[in-house]
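Report on the structure given below.
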Amino acid sequence: MLFTDLGLSEPILRAIAEEGYTSPTPIQAKSIPAVLQGGDLLAAAQTGTGKTAGFTLPILQRLSSTKASTGKRLLRVLILTPTRELAAQVQESVETYGKYTGLKSTVIFGGVGANPQIKAIAGGLDILVATPGRLLDLMSQKCVSLNHIEILVLDEADRMLDMGFLRDIKKILAALPKQRQNLLFSATFSTEIKALADGLLNSPALIEVARSNSANEAIAQLIHPVDRTKKHPLLAHLIKTNDWKQVLVFTRTKHGANKLVTQLEKDGITSMAIHGNKSQTARTKALADFKAGKLTALIATDIAARGIDIDQLPHVVNYDLPNVSEDYVHRIGRTGRAGSNGVAVSLVCVDEHQMLRDIEKLIKQKLPQEIIAGFEPDPNAVAQPIQLRSQQHQQSRKPKAAGNGGGSGRAPAKRSSPPKRSFNR
């Protein structure tokens, strides 16, 4: 199948061709016709399968082929994402493939000043990409109206629930017109996602391009057992001996990410951290330098890394295993995208053995283990309790002013429940 077979207009097809793409990914081949039909959609696809274009392309088509009821430029599409990085990525997709349509769009999120965003909205928009917190802030200031929204997209809906945005989402939904098209995209069909979909969607088309909670078969997964005190030396050893040029490393905490950057820099390994306490400018620079090959290692926490889109990222390392098993699938999904191969390595100490068992149960496979010479774990080591991320979040959560907080620009509400270029945007 080709993009020319999907009913997209010449201006959109021209933009797609200029990016070097001819054939849609499976999620795009299924979701584009479904969105064009105008009905609601519930779609599950692993990270890196191209779902962003799966909804941006047909949305651009629908808006460019129909006029607003008043003839004026009205805000007709709202795309909600959980993090700044993902919001910026979605806006990039809208701009790239809508450049010949005459449609206007902008992105709003916390961590940066609100005035330029307010000015962009006041100038007239067709499409708004937003994180929930900043959107609610501007709604409270009466800087944005959702009265004419025709299409609502909830992107990475599972992550929005995990980050505690359910209450914010409900407030936003209450401000929308009753008659609209709803598109819900998620990496998995969890119980919470199904409950949200039941209350939001009307007889939706259902699309699932990969088995729920499964790991990409293009990713080689490997466990290196190691003592907790030897994780940093082992990571430096792996990077140097294997001559890794680009590796995304996940830590459990922001403090752990900062500490690891300092340690790796002493080893002569260029690295930067990306997490919620970093300014938006620092996060953008770290990601840009990593994509440009100026950094060997990008150290990230789970929330900050959601939405990172890097073509053919070769290596992902779980420096700490995630306490939420589903996050393992999201983490390693940053590599092995759209058919390319990737390697996901996890450094596992005795404290994390139960986490490893939970992950293996989730993905329904036993992960291979390899002990590295010189880093053999102490067989008599005793497990120590791990302070889980959710506990840290609840202890440290304080209201943040707009423009100074995490990915949304406001503190999340309490969590409601525990060779050929690939088109992967």
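Going through the structure tokens in order, the chains are called A, B, and so on, while each chain numbers its residues from 1 and the ligands are numbered from 1 in the order shown.
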
Near Leu63 in chain A, counting only C-alpha atoms, which residues have an atom at most 10 Å away, once you skip same-chain residues fewer than 2 positions from it, shown as a VMD selection string? chain A and resid 58 to 61 65 to 68 76 to 77 101 103 126 to 127 150 to 151

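Near Lys194 in chain A, within 12 Å and counting only C-alpha atoms, sit Leu42, Ala43, Ala44, Ala157, Asp158, Leu161, Leu184, Phe185, Ser186, Thr188, Phe189, Gly199, Leu200, Leu201, Pro204 and Leu206 of chain A; same-chain residues fewer than 5 positions away were not included.
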
Rank A:Leu80, A:Val226, A:Ile239, A:Leu74 by their smallest atom-to-atom distance to Ile169 in chain A, using only C-alpha atoms, and report the top residue only. A:Leu80

Please extract the residues of range 109-318 of chain A with a backbone DSSP assignment of helix (DSSP H, G or I) and present them as a PyMOL selection string. chain A and resi 115-122+132-140+157-162+166-174+191-200+228-241+254-266+280-291+302-305

Which residues are near Gln263 in chain A? Cut-off 8 Å, only C-alpha atoms, ignore same chain within fewer than 4 positions. Put them as number ranges by chain. A: 232, 259, 267

Take the selection from the previous step and output its residues with all heavy atoms, as a short mmCIF file (atom, residue, chain, number, x, y, z; two decimals), in the first residue's frame.
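Saved to result-v3.cif:
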```
data_model
loop_
_atom_site.label_atom_id
_atom_site.label_comp_id
_atom_site.auth_asym_id
_atom_site.auth_seq_id
_atom_site.Cartn_x
_atom_site.Cartn_y
_atom_site.Cartn_z
N HIS A 232 27.59 1.70 37.84
CA HIS A 232 28.24 2.76 37.07
C HIS A 232 29.51 2.27 36.38
O HIS A 232 29.68 2.50 35.17
CB HIS A 232 28.55 3.97 37.96
CG HIS A 232 29.72 4.77 37.49
ND1 HIS A 232 30.89 4.87 38.21
CD2 HIS A 232 29.94 5.45 36.34
CE1 HIS A 232 31.76 5.59 37.53
NE2 HIS A 232 31.21 5.96 36.40
N LYS A 259 23.62 12.28 39.19
CA LYS A 259 24.81 11.63 39.74
C LYS A 259 25.53 10.83 38.66
O LYS A 259 26.76 10.86 38.55
CB LYS A 259 24.42 10.74 40.90
CG LYS A 259 25.60 10.02 41.56
CD LYS A 259 25.11 9.15 42.72
CE LYS A 259 26.28 8.38 43.36
NZ LYS A 259 25.81 7.53 44.48
N ASP A 267 34.64 9.66 33.54
CA ASP A 267 35.17 8.56 32.74
C ASP A 267 35.46 8.98 31.31
O ASP A 267 35.85 8.15 30.48
CB ASP A 267 34.18 7.39 32.72
CG ASP A 267 33.97 6.79 34.10
OD1 ASP A 267 34.95 6.67 34.86
OD2 ASP A 267 32.82 6.43 34.42
#
```

What are the closest atom pairs, with distances in Å to one decimal, for all residues of range 173-243 of chain A lying within 8 Å of range 14-36 of chain A? Consider only C-alpha atoms, order rows by chain and residue number, and present the result as JSON lines.
```
{"residue": "A:Leu183", "atom": "CA", "partner": "A:Val35", "partner_atom": "CA", "distance": 7.9}
{"residue": "A:Ala205", "atom": "CA", "partner": "A:Ala34", "partner_atom": "CA", "distance": 7.0}
{"residue": "A:Ile207", "atom": "CA", "partner": "A:Lys30", "partner_atom": "CA", "distance": 7.1}
{"residue": "A:Glu208", "atom": "CA", "partner": "A:Ile27", "partner_atom": "CA", "distance": 7.8}
{"residue": "A:Val209", "atom": "CA", "partner": "A:Ile27", "partner_atom": "CA", "distance": 6.1}
```
